[in-house]
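Source file: entry-v9.pdb; contents: PDB, C-alpha atoms and all ligand atoms.
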```pdb
ATOM      1  CA  MET A   9    -240.323  51.564 128.301
ATOM      2  CA  TYR A  10    -237.039  49.738 127.754
ATOM      3  CA  ILE A  11    -236.388  49.095 124.067
ATOM      4  CA  GLU A  12    -233.923  46.380 123.201
ATOM      5  CA  GLU A  13    -232.432  47.381 119.867
ATOM      6  CA  GLU A  14    -229.520  45.057 119.552
ATOM      7  CA  LYS A  15    -228.033  42.477 121.866
ATOM      8  CA  SER A  16    -224.693  43.869 123.007
ATOM      9  CA  VAL A  17    -221.920  41.583 124.162
ATOM     10  CA  PRO A  18    -220.811  42.416 127.712
ATOM     11  CA  ALA A  19    -217.187  43.475 127.895
ATOM     12  CA  GLY A  20    -215.021  40.557 128.991
ATOM     13  CA  PHE A  21    -212.026  42.810 129.499
ATOM     14  CA  MET A  22    -210.876  46.183 130.746
ATOM     15  CA  ALA A  23    -207.880  48.247 129.670
ATOM     16  CA  PHE A  24    -205.508  50.473 131.604
ATOM     17  CA  ARG A  25    -201.951  51.762 131.339
ATOM     18  CA  LEU A  26    -198.846  51.593 133.472
ATOM     19  CA  GLY A  27    -196.195  53.966 132.146
ATOM     20  CA  GLU A  28    -195.186  52.610 128.735
ATOM     21  CA  LEU A  29    -197.114  49.371 129.167
ATOM     22  CA  GLU A  30    -200.618  48.740 127.872
ATOM     23  CA  LEU A  31    -202.516  46.394 130.162
ATOM     24  CA  ARG A  32    -205.734  44.418 129.951
ATOM     25  CA  VAL A  33    -207.574  42.401 132.534
ATOM     26  CA  VAL A  34    -209.432  39.633 130.703
ATOM     27  CA  THR A  35    -211.873  37.331 132.475
ATOM     28  CA  ASP A  36    -211.745  33.576 132.044
ATOM     29  CA  GLY A  37    -215.079  33.361 133.890
ATOM     30  CA  ALA A  38    -216.071  32.180 137.349
ATOM     31  CA  VAL A  39    -216.096  28.756 139.017
ATOM     32  CA  PRO A  40    -218.193  27.863 142.086
ATOM     33  CA  TYR A  41    -216.407  25.982 144.871
ATOM     34  CA  ASP A  42    -217.881  24.136 147.847
ATOM     35  CA  SER A  43    -217.422  26.511 150.775
ATOM     36  CA  ASN A  44    -215.872  23.660 152.796
ATOM     37  CA  CYS A  45    -212.744  24.224 150.663
ATOM     38  CA  PHE A  46    -212.182  27.334 152.805
ATOM     39  CA  ALA A  47    -211.033  27.372 156.438
ATOM     40  CA  PRO A  48    -210.715  23.586 156.800
ATOM     41  CA  GLY A  49    -210.941  22.536 160.448
ATOM     42  CA  ILE A  50    -212.685  25.748 161.553
ATOM     43  CA  SER A  51    -216.311  25.420 162.722
ATOM     44  CA  ARG A  52    -218.817  26.432 160.047
ATOM     45  CA  SER A  53    -220.601  28.689 162.526
ATOM     46  CA  GLN A  54    -217.395  30.713 163.021
ATOM     47  CA  VAL A  55    -216.817  30.908 159.265
ATOM     48  CA  ASN A  56    -220.433  31.776 158.460
ATOM     49  CA  ALA A  57    -220.431  34.506 161.105
ATOM     50  CA  LEU A  58    -217.831  36.310 158.982
ATOM     51  CA  TRP A  59    -219.339  35.402 155.615
ATOM     52  CA  HIS A  60    -222.941  36.169 156.555
ATOM     53  CA  ASP A  61    -222.754  39.925 155.972
ATOM     54  CA  HIS A  62    -220.984  39.553 152.635
ATOM     55  CA  TYR A  63    -222.501  36.588 150.779
ATOM     56  CA  MET A  64    -226.166  35.739 150.151
ATOM     57  CA  ASP A  65    -225.305  32.049 149.873
ATOM     58  CA  THR A  66    -222.459  30.473 151.825
ATOM     59  CA  LYS A  67    -222.785  26.920 150.491
ATOM     60  CA  THR A  68    -220.725  27.720 147.413
ATOM     61  CA  ILE A  69    -218.199  30.483 146.894
ATOM     62  CA  ALA A  70    -217.590  31.602 143.308
ATOM     63  CA  LEU A  71    -214.023  32.476 142.409
ATOM     64  CA  ALA A  72    -213.107  34.908 139.645
ATOM     65  CA  HIS A  73    -210.290  34.126 137.215
ATOM     66  CA  ASN A  74    -208.708  37.454 136.224
ATOM     67  CA  ILE A  75    -205.993  37.150 133.598
ATOM     68  CA  LEU A  76    -203.526  40.019 133.383
ATOM     69  CA  VAL A  77    -202.304  40.813 129.861
ATOM     70  CA  ILE A  78    -199.273  43.065 129.367
ATOM     71  CA  LYS A  79    -198.468  44.575 125.969
ATOM     72  CA  SER A  80    -195.008  46.013 125.475
ATOM     73  CA  HIS A  81    -193.566  47.097 122.133
ATOM     74  CA  ASN A  82    -192.696  43.574 120.972
ATOM     75  CA  ARG A  83    -194.515  41.211 123.317
ATOM     76  CA  ILE A  84    -197.968  40.229 124.474
ATOM     77  CA  VAL A  85    -197.580  38.524 127.845
ATOM     78  CA  LEU A  86    -200.330  36.692 129.746
ATOM     79  CA  ILE A  87    -199.998  35.830 133.414
ATOM     80  CA  ASP A  88    -201.682  32.407 133.692
ATOM     81  CA  ALA A  89    -204.233  30.980 131.269
ATOM     82  CA  GLY A  90    -207.411  30.033 133.164
ATOM     83  CA  ASN A  91    -209.418  26.828 133.179
ATOM     84  CA  GLY A  92    -209.759  25.849 129.522
ATOM     85  CA  ASP A  93    -212.677  23.492 128.912
ATOM     86  CA  LYS A  94    -212.277  21.594 132.172
ATOM     87  CA  ALA A  95    -214.262  23.678 134.691
ATOM     88  CA  GLY A  96    -217.794  24.081 133.334
ATOM     89  CA  LYS A  97    -219.617  26.440 131.006
ATOM     90  CA  ASP A  98    -218.983  29.666 132.924
ATOM     91  CA  ALA A  99    -215.197  29.349 132.717
ATOM     92  CA  GLY A 100    -212.695  28.832 129.893
ATOM     93  CA  ARG A 101    -213.738  32.123 128.282
ATOM     94  CA  LEU A 102    -210.205  33.544 127.960
ATOM     95  CA  PRO A 103    -209.742  33.085 124.162
ATOM     96  CA  GLU A 104    -213.069  34.742 123.210
ATOM     97  CA  ASN A 105    -212.569  37.608 125.673
ATOM     98  CA  LEU A 106    -208.968  38.119 124.525
ATOM     99  CA  LEU A 107    -210.248  38.431 120.963
ATOM    100  CA  GLN A 108    -212.809  40.977 122.157
ATOM    101  CA  ALA A 109    -209.849  42.889 123.619
ATOM    102  CA  GLY A 110    -208.199  42.830 120.171
ATOM    103  CA  ILE A 111    -205.774  39.975 120.872
ATOM    104  CA  PRO A 112    -206.111  36.726 118.884
ATOM    105  CA  VAL A 113    -204.551  33.655 120.558
ATOM    106  CA  ASN A 114    -201.829  33.405 117.908
ATOM    107  CA  ALA A 115    -200.587  36.927 118.803
ATOM    108  CA  VAL A 116    -199.668  35.926 122.373
ATOM    109  CA  THR A 117    -195.867  35.660 122.635
ATOM    110  CA  ASP A 118    -195.427  34.584 126.276
ATOM    111  CA  ILE A 119    -197.398  33.047 129.127
ATOM    112  CA  VAL A 120    -195.921  33.367 132.615
ATOM    113  CA  LEU A 121    -197.274  30.965 135.232
ATOM    114  CA  THR A 122    -197.732  31.903 138.862
ATOM    115  CA  HIS A 123    -197.919  28.152 139.621
ATOM    116  CA  ALA A 124    -199.121  24.926 137.998
ATOM    117  CA  HIS A 125    -202.616  24.412 139.453
ATOM    118  CA  PRO A 126    -205.365  23.366 136.993
ATOM    119  CA  ASP A 127    -207.219  26.709 137.085
ATOM    120  CA  HIS A 128    -204.026  28.430 135.901
ATOM    121  CA  ILE A 129    -202.635  25.957 133.316
ATOM    122  CA  ASN A 130    -205.600  24.114 131.800
ATOM    123  CA  GLY A 131    -206.382  27.023 129.470
ATOM    124  CA  LEU A 132    -203.085  26.402 127.680
ATOM    125  CA  THR A 133    -204.261  23.181 126.041
ATOM    126  CA  ASP A 134    -207.552  22.144 124.406
ATOM    127  CA  ALA A 135    -209.619  18.969 124.857
ATOM    128  CA  LEU A 136    -207.235  17.111 122.502
ATOM    129  CA  ASN A 137    -204.192  18.367 124.445
ATOM    130  CA  ARG A 138    -203.123  20.739 121.651
ATOM    131  CA  PRO A 139    -201.642  24.160 122.498
ATOM    132  CA  VAL A 140    -204.296  26.928 122.502
ATOM    133  CA  PHE A 141    -201.624  29.639 122.086
ATOM    134  CA  PRO A 142    -199.539  28.219 119.210
ATOM    135  CA  HIS A 143    -196.731  30.803 119.299
ATOM    136  CA  ALA A 144    -196.440  31.380 123.056
ATOM    137  CA  GLN A 145    -193.347  30.571 125.086
ATOM    138  CA  VAL A 146    -194.234  29.331 128.591
ATOM    139  CA  HIS A 147    -192.379  30.538 131.690
ATOM    140  CA  VAL A 148    -192.564  28.769 135.061
ATOM    141  CA  SER A 149    -190.361  28.554 138.121
ATOM    142  CA  LYS A 150    -187.925  25.640 138.160
ATOM    143  CA  THR A 151    -189.034  24.834 141.718
ATOM    144  CA  GLU A 152    -192.635  24.439 140.537
ATOM    145  CA  PHE A 153    -191.679  22.272 137.564
ATOM    146  CA  ASP A 154    -189.466  20.016 139.688
ATOM    147  CA  PHE A 155    -192.172  19.605 142.355
ATOM    148  CA  TRP A 156    -194.939  18.432 140.026
ATOM    149  CA  MET A 157    -192.644  16.316 137.843
ATOM    150  CA  SER A 158    -191.106  14.461 140.796
ATOM    151  CA  VAL A 159    -191.996  10.808 141.380
ATOM    152  CA  ALA A 160    -193.651  11.482 144.739
ATOM    153  CA  PRO A 161    -194.320  15.174 145.513
ATOM    154  CA  ASP A 162    -194.653  15.890 149.249
ATOM    155  CA  PHE A 163    -198.375  16.414 149.843
ATOM    156  CA  SER A 164    -198.132  15.619 153.587
ATOM    157  CA  ASN A 165    -198.718  19.259 154.635
ATOM    158  CA  SER A 166    -201.842  19.789 152.504
ATOM    159  CA  LYS A 167    -205.446  19.502 153.715
ATOM    160  CA  ASN A 168    -206.695  18.425 150.286
ATOM    161  CA  SER A 169    -207.620  14.811 149.473
ATOM    162  CA  LYS A 170    -204.898  12.535 148.118
ATOM    163  CA  MET A 171    -207.166  11.762 145.127
ATOM    164  CA  THR A 172    -207.510  15.451 144.167
ATOM    165  CA  LEU A 173    -203.788  16.053 144.650
ATOM    166  CA  SER A 174    -202.900  13.066 142.432
ATOM    167  CA  ALA A 175    -205.319  14.315 139.745
ATOM    168  CA  MET A 176    -203.676  17.762 139.925
ATOM    169  CA  GLN A 177    -200.265  16.181 139.495
ATOM    170  CA  ARG A 178    -201.399  14.200 136.429
ATOM    171  CA  GLN A 179    -202.745  17.409 134.824
ATOM    172  CA  ALA A 180    -199.516  19.298 135.577
ATOM    173  CA  MET A 181    -197.375  16.456 134.180
ATOM    174  CA  ASP A 182    -199.507  16.232 130.997
ATOM    175  CA  PHE A 183    -199.262  19.974 130.543
ATOM    176  CA  PHE A 184    -195.472  20.119 131.072
ATOM    177  CA  THR A 185    -195.031  17.209 128.654
ATOM    178  CA  VAL A 186    -197.098  18.892 125.898
ATOM    179  CA  CYS A 187    -195.260  22.227 126.377
ATOM    180  CA  HIS A 188    -191.762  20.822 127.016
ATOM    181  CA  ASP A 189    -190.179  22.398 123.916
ATOM    182  CA  ARG A 190    -191.535  25.856 124.805
ATOM    183  CA  LEU A 191    -190.752  25.880 128.540
ATOM    184  CA  HIS A 192    -188.441  28.447 130.136
ATOM    185  CA  PHE A 193    -187.526  28.456 133.822
ATOM    186  CA  PHE A 194    -187.150  31.464 136.113
ATOM    187  CA  SER A 195    -185.704  31.592 139.593
ATOM    188  CA  GLY A 196    -186.743  35.037 140.782
ATOM    189  CA  GLU A 197    -183.249  36.519 140.526
ATOM    190  CA  ASP A 198    -183.771  38.203 137.181
ATOM    191  CA  LYS A 199    -186.547  40.351 135.728
ATOM    192  CA  LEU A 200    -188.470  38.888 132.795
ATOM    193  CA  PHE A 201    -188.798  41.047 129.651
ATOM    194  CA  GLY A 202    -187.445  44.063 131.555
ATOM    195  CA  PHE A 203    -190.746  44.733 133.390
ATOM    196  CA  LEU A 204    -191.744  41.609 135.341
ATOM    197  CA  GLN A 205    -189.980  40.762 138.604
ATOM    198  CA  PRO A 206    -190.897  37.323 140.022
ATOM    199  CA  LEU A 207    -191.387  37.326 143.826
ATOM    200  CA  HIS A 208    -191.258  33.919 145.521
ATOM    201  CA  ALA A 209    -194.313  33.333 147.757
ATOM    202  CA  PRO A 210    -194.099  29.650 148.757
ATOM    203  CA  GLY A 211    -196.796  27.619 150.503
ATOM    204  CA  HIS A 212    -199.736  27.630 148.128
ATOM    205  CA  THR A 213    -197.347  25.546 146.027
ATOM    206  CA  PRO A 214    -193.547  25.301 146.437
ATOM    207  CA  GLY A 215    -192.875  27.350 143.283
ATOM    208  CA  HIS A 216    -195.731  29.829 143.696
ATOM    209  CA  TYR A 217    -194.680  33.324 142.553
ATOM    210  CA  MET A 218    -196.179  36.807 142.651
ATOM    211  CA  PHE A 219    -194.941  39.426 140.169
ATOM    212  CA  ALA A 220    -194.033  43.105 140.446
ATOM    213  CA  ILE A 221    -194.911  44.858 137.176
ATOM    214  CA  THR A 222    -192.935  48.051 136.655
ATOM    215  CA  SER A 223    -192.800  50.783 134.026
ATOM    216  CA  GLY A 224    -190.888  53.987 134.779
ATOM    217  CA  ASN A 225    -191.517  54.740 138.440
ATOM    218  CA  GLU A 226    -194.923  53.003 138.557
ATOM    219  CA  THR A 227    -195.352  49.509 140.013
ATOM    220  CA  PHE A 228    -198.117  47.186 141.056
ATOM    221  CA  ILE A 229    -198.096  43.598 142.279
ATOM    222  CA  HIS A 230    -199.827  40.567 140.772
ATOM    223  CA  SER A 231    -200.565  38.633 143.961
ATOM    224  CA  ALA A 232    -201.305  35.258 142.276
ATOM    225  CA  ASP A 233    -203.083  32.901 144.742
ATOM    226  CA  ILE A 234    -202.068  34.536 148.021
ATOM    227  CA  PHE A 235    -205.799  35.069 148.746
ATOM    228  CA  HIS A 236    -208.706  33.260 147.076
ATOM    229  CA  GLU A 237    -211.543  35.285 148.581
ATOM    230  CA  GLU A 238    -211.814  38.697 150.179
ATOM    231  CA  VAL A 239    -213.523  38.103 153.528
ATOM    232  CA  ILE A 240    -212.190  35.324 155.756
ATOM    233  CA  LEU A 241    -208.684  35.148 154.298
ATOM    234  CA  PHE A 242    -208.182  38.817 155.170
ATOM    235  CA  ALA A 243    -209.876  38.726 158.583
ATOM    236  CA  GLN A 244    -208.337  35.356 159.485
ATOM    237  CA  PRO A 245    -205.395  34.675 157.151
ATOM    238  CA  ASP A 246    -204.497  31.554 159.200
ATOM    239  CA  TRP A 247    -207.739  29.819 158.252
ATOM    240  CA  GLY A 248    -206.448  29.062 154.758
ATOM    241  CA  THR A 249    -207.836  26.748 152.091
ATOM    242  CA  ILE A 250    -207.543  23.117 151.092
ATOM    243  CA  PHE A 251    -205.868  24.383 147.905
ATOM    244  CA  ASP A 252    -202.635  25.163 149.768
ATOM    245  CA  THR A 253    -199.955  22.502 149.258
ATOM    246  CA  ASP A 254    -198.241  23.450 152.528
ATOM    247  CA  PHE A 255    -201.048  24.813 154.688
ATOM    248  CA  ALA A 256    -198.911  26.350 157.457
ATOM    249  CA  LEU A 257    -196.326  27.864 155.109
ATOM    250  CA  ALA A 258    -199.097  29.337 152.914
ATOM    251  CA  ALA A 259    -200.663  30.973 155.996
ATOM    252  CA  ALA A 260    -197.297  32.407 157.088
ATOM    253  CA  THR A 261    -196.648  33.769 153.584
ATOM    254  CA  ARG A 262    -200.200  35.198 153.367
ATOM    255  CA  LYS A 263    -199.736  37.077 156.676
ATOM    256  CA  LYS A 264    -196.334  38.401 155.658
ATOM    257  CA  VAL A 265    -197.643  39.596 152.290
ATOM    258  CA  LEU A 266    -200.796  41.157 153.812
ATOM    259  CA  GLU A 267    -198.655  43.053 156.312
ATOM    260  CA  GLN A 268    -196.361  44.290 153.565
ATOM    261  CA  PHE A 269    -199.260  45.316 151.284
ATOM    262  CA  ALA A 270    -201.033  47.138 154.125
ATOM    263  CA  HIS A 271    -197.838  48.921 155.125
ATOM    264  CA  THR A 272    -197.035  50.140 151.607
ATOM    265  CA  ARG A 273    -200.666  50.696 150.455
ATOM    266  CA  GLN A 274    -199.372  49.049 147.300
ATOM    267  CA  ARG A 275    -201.731  48.694 144.305
ATOM    268  CA  VAL A 276    -202.477  44.981 144.068
ATOM    269  CA  PHE A 277    -203.964  42.751 141.387
ATOM    270  CA  ALA A 278    -205.582  39.477 142.468
ATOM    271  CA  TYR A 279    -206.338  36.481 140.226
ATOM    272  CA  HIS A 280    -209.317  35.158 142.214
ATOM    273  CA  LEU A 281    -210.845  38.259 143.851
ATOM    274  CA  PRO A 282    -213.989  39.865 142.357
ATOM    275  CA  TRP A 283    -213.566  41.373 138.884
ATOM    276  CA  PRO A 284    -211.372  43.105 137.887
ATOM    277  CA  GLY A 285    -209.218  42.159 140.885
ATOM    278  CA  LEU A 286    -207.592  45.557 141.457
ATOM    279  CA  GLY A 287    -207.393  47.130 144.907
ATOM    280  CA  HIS A 288    -205.279  47.528 148.009
ATOM    281  CA  VAL A 289    -205.022  46.088 151.510
ATOM    282  CA  ARG A 290    -205.996  48.050 154.605
ATOM    283  CA  LYS A 291    -205.153  47.207 158.220
ATOM    284  CA  ILE A 292    -207.233  48.586 161.099
ATOM    285  CA  ASN A 293    -206.875  47.260 164.671
ATOM    286  CA  ASP A 294    -204.799  44.314 163.484
ATOM    287  CA  THR A 295    -207.468  43.243 160.968
ATOM    288  CA  TYR A 296    -206.816  43.311 157.254
ATOM    289  CA  SER A 297    -209.434  44.067 154.619
ATOM    290  CA  TRP A 298    -209.549  44.269 150.826
ATOM    291  CA  ILE A 299    -210.430  47.672 149.376
ATOM    292  CA  PRO A 300    -211.400  47.233 145.718
ATOM    293  CA  GLU A 301    -210.721  50.048 143.278
ATOM    294  CA  ARG A 302    -213.816  52.125 142.491
ATOM    295  CA  TYR A 303    -214.990  52.785 138.965
ATOM    296  CA  MET A 304    -217.421  55.645 138.350
ATOM    297  CA  THR A 305    -218.157  54.603 134.765
ATOM    298  CA  PRO A 306    -217.671  51.324 132.920
ATOM    299  CA  PRO A 307    -213.977  50.980 132.009
ATOM    300  CA  GLY A 308    -213.280  52.519 128.611
ATOM    301  CA  TYR A 309    -216.440  54.684 128.759
TER
HETATM  302 ZN    ZN A 401    -205.971  29.483 141.548
END
```

Structure translated into structure tokens:
Amino acid sequence: MYIEEEKSVPAGFMAFRLGELELRVVTDGAVPYDSNCFAPGISRSQVNALWHDHYMDTKTIALAHNILVIKSHNRIVLIDAGNGDKAGKDAGRLPENLLQAGIPVNAVTDIVLTHAHPDHINGLTDALNRPVFPHAQVHVSKTEFDFWMSVAPDFSNSKNSKMTLSAMQRQAMDFFTVCHDRLHFFSGEDKLFGFLQPLHAPGHTPGHYMFAITSGNETFIHSADIFHEEVILFAQPDWGTIFDTDFALAAATRKKVLEQFAHTRQRVFAYHLPWPGLGHVRKINDTYSWIPERYMTPPGY
């Protein structure tokens, strides 16, 4: 008989090392999306033929939100900040899971943004628009800042609705306004903090960046929003999502990155792929697939 002695809290984080760096993956939770957000313009029967073997339900696709935390001797750096309180009860869990990982919000020194979409920036401010991480400096690409703060960003190459895109812009503008005195811009030329190399990957947004994280001779890549799910966007990288600001450019970048990852068998971290988002890309007969890392015991066991 199963005896429940004490309710244990499930681990909202996992820890690993890269050379001198201490890393955590912390979950912000999951958000379900209407599956029509994926492969716009492609017949649902074609899409479902690929999804059928992988998902029990293809009406909604849940996306993970994996936040990478990097501890060096004098910094605690987060890459992106999740959904905050704006995406339902199963998301916005970053602060409580960070604390579980031994990191209170006021200990975070830096937050580096891959791009300024709501599911990456909304966790930086609370319902009253106050900073959640009071001592954190915020780093974003200048291209990304300029795009969202412009009077009329070019949304003509997106397959998303004008209403959603305008709402996204309002959230980005509010966020940049609240954080204006803590903003720092990067261009991709220089490494941040000595271990984080920004890699421009335009299309999803104009200033969308991946990051190479290096310590000693070890490296892995944070792939940001190059792929949002692990089935159709690997088998058919052209099919894309409505989330891409420039649909065609995002597809071209996705294919280029997939090819490079498959060629190098590079360890990859992915923000939206199933927890904890670590794996590599394989290519067989011109088809890419995601190979998640395998854990034989719970992390930290
Ligand atoms: Zn995203």

Task: 7 Å shell around ligand ZN 401 (chain A) using all atoms listed in the file, listed as a count of residues only - done: 5

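Minimum atom-to-atom distance to A:Thr249, evaluated using only C-alpha atoms, belongs to A:Ile50 out of A:Ala109, A:Ile50, A:Ala23, A:Val148.
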
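With all atoms listed in the file taken into account, the protein and nucleic acid residues at most 7 Å from stretch 269-277 of chain A (excluding it and anything under 3 positions from it in its own chain) are Phe228, Ile229, His230, Ser231, Val265, Leu266, Gly285, Leu286, Gly287, His288, Val289, Arg290 and Lys291 of chain A.
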
Open item on the list: Residues within 7 Å of stretch 26-43 of chain A, please, as a ChimeraX atom specification. Count only C-alpha atoms; anything in the same chain fewer than 2 positions from it doesn't count.
Closed with: /A:20-24,45-46,66-80,90,95,98-102,105-106,223-224,226,284

Expected file: the selected residues, C-alpha atoms, as a PDB file, in the frame of the given file:
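Saved result, part_5.pdb, follows:
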```pdb
ATOM      1  CA  GLY A  20    -215.021  40.557 128.991  1.00  0.00           C
ATOM      2  CA  PHE A  21    -212.026  42.810 129.499  1.00  0.00           C
ATOM      3  CA  MET A  22    -210.876  46.183 130.746  1.00  0.00           C
ATOM      4  CA  ALA A  23    -207.880  48.247 129.670  1.00  0.00           C
ATOM      5  CA  PHE A  24    -205.508  50.473 131.604  1.00  0.00           C
ATOM      6  CA  CYS A  45    -212.744  24.224 150.663  1.00  0.00           C
ATOM      7  CA  PHE A  46    -212.182  27.334 152.805  1.00  0.00           C
ATOM      8  CA  THR A  66    -222.459  30.473 151.825  1.00  0.00           C
ATOM      9  CA  LYS A  67    -222.785  26.920 150.491  1.00  0.00           C
ATOM     10  CA  THR A  68    -220.725  27.720 147.413  1.00  0.00           C
ATOM     11  CA  ILE A  69    -218.199  30.483 146.894  1.00  0.00           C
ATOM     12  CA  ALA A  70    -217.590  31.602 143.308  1.00  0.00           C
ATOM     13  CA  LEU A  71    -214.023  32.476 142.409  1.00  0.00           C
ATOM     14  CA  ALA A  72    -213.107  34.908 139.645  1.00  0.00           C
ATOM     15  CA  HIS A  73    -210.290  34.126 137.215  1.00  0.00           C
ATOM     16  CA  ASN A  74    -208.708  37.454 136.224  1.00  0.00           C
ATOM     17  CA  ILE A  75    -205.993  37.150 133.598  1.00  0.00           C
ATOM     18  CA  LEU A  76    -203.526  40.019 133.383  1.00  0.00           C
ATOM     19  CA  VAL A  77    -202.304  40.813 129.861  1.00  0.00           C
ATOM     20  CA  ILE A  78    -199.273  43.065 129.367  1.00  0.00           C
ATOM     21  CA  LYS A  79    -198.468  44.575 125.969  1.00  0.00           C
ATOM     22  CA  SER A  80    -195.008  46.013 125.475  1.00  0.00           C
ATOM     23  CA  GLY A  90    -207.411  30.033 133.164  1.00  0.00           C
ATOM     24  CA  ALA A  95    -214.262  23.678 134.691  1.00  0.00           C
ATOM     25  CA  ASP A  98    -218.983  29.666 132.924  1.00  0.00           C
ATOM     26  CA  ALA A  99    -215.197  29.349 132.717  1.00  0.00           C
ATOM     27  CA  GLY A 100    -212.695  28.832 129.893  1.00  0.00           C
ATOM     28  CA  ARG A 101    -213.738  32.123 128.282  1.00  0.00           C
ATOM     29  CA  LEU A 102    -210.205  33.544 127.960  1.00  0.00           C
ATOM     30  CA  ASN A 105    -212.569  37.608 125.673  1.00  0.00           C
ATOM     31  CA  LEU A 106    -208.968  38.119 124.525  1.00  0.00           C
ATOM     32  CA  SER A 223    -192.800  50.783 134.026  1.00  0.00           C
ATOM     33  CA  GLY A 224    -190.888  53.987 134.779  1.00  0.00           C
ATOM     34  CA  GLU A 226    -194.923  53.003 138.557  1.00  0.00           C
ATOM     35  CA  PRO A 284    -211.372  43.105 137.887  1.00  0.00           C
TER      36      PRO A 284
END
```

Open item on the list: Env of A:Asp182: 12 Å cut, atoms = only C-alpha atoms, seq-sep filter 3 positions within chain, self excluded. Answer as an MDAnalysis selection string.
Closed with: chainID A and resid 124 126 129:130 132:134 136:139 153 156:157 175:179 185:188

Please produce an output containing C-alpha atoms for each residue in the selection, written as a compact mmCIF listing (two decimals), in the coordinates of the input.
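This is the output file result-v4.txt:
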```txt
# COMPACT_ATOMS: atom_id res chain seq x y z
CA ALA A 124 -199.12 24.93 138.00
CA PRO A 126 -205.36 23.37 136.99
CA ILE A 129 -202.64 25.96 133.32
CA ASN A 130 -205.60 24.11 131.80
CA LEU A 132 -203.08 26.40 127.68
CA THR A 133 -204.26 23.18 126.04
CA ASP A 134 -207.55 22.14 124.41
CA LEU A 136 -207.24 17.11 122.50
CA ASN A 137 -204.19 18.37 124.44
CA ARG A 138 -203.12 20.74 121.65
CA PRO A 139 -201.64 24.16 122.50
CA PHE A 153 -191.68 22.27 137.56
CA TRP A 156 -194.94 18.43 140.03
CA MET A 157 -192.64 16.32 137.84
CA ALA A 175 -205.32 14.32 139.74
CA MET A 176 -203.68 17.76 139.93
CA GLN A 177 -200.26 16.18 139.50
CA ARG A 178 -201.40 14.20 136.43
CA GLN A 179 -202.74 17.41 134.82
CA THR A 185 -195.03 17.21 128.65
CA VAL A 186 -197.10 18.89 125.90
CA CYS A 187 -195.26 22.23 126.38
CA HIS A 188 -191.76 20.82 127.02
```

Open item on the list: Residues within 7 Å of stretch 259-264 of chain A, please, as a ChimeraX atom specification. Count all atoms listed in the file; anything in the same chain fewer than 4 positions from it doesn't count.
Closed with: /A:209-211,234,245-246,248,255,268

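For the file at hand, the PyMOL selection byres (((chain A and resi 193) around 6) and not hetatm) resolves to His147, Val148, Ser149, Lys150, His192 and Phe194 of chain A.
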
- [ ] Rank A:Phe141, A:Phe163, A:Trp247, A:Tyr303 by their smallest atom-to-atom distance to A:Val55, using only C-alpha atoms, and report the top residue only.
- [x] A:Trp247
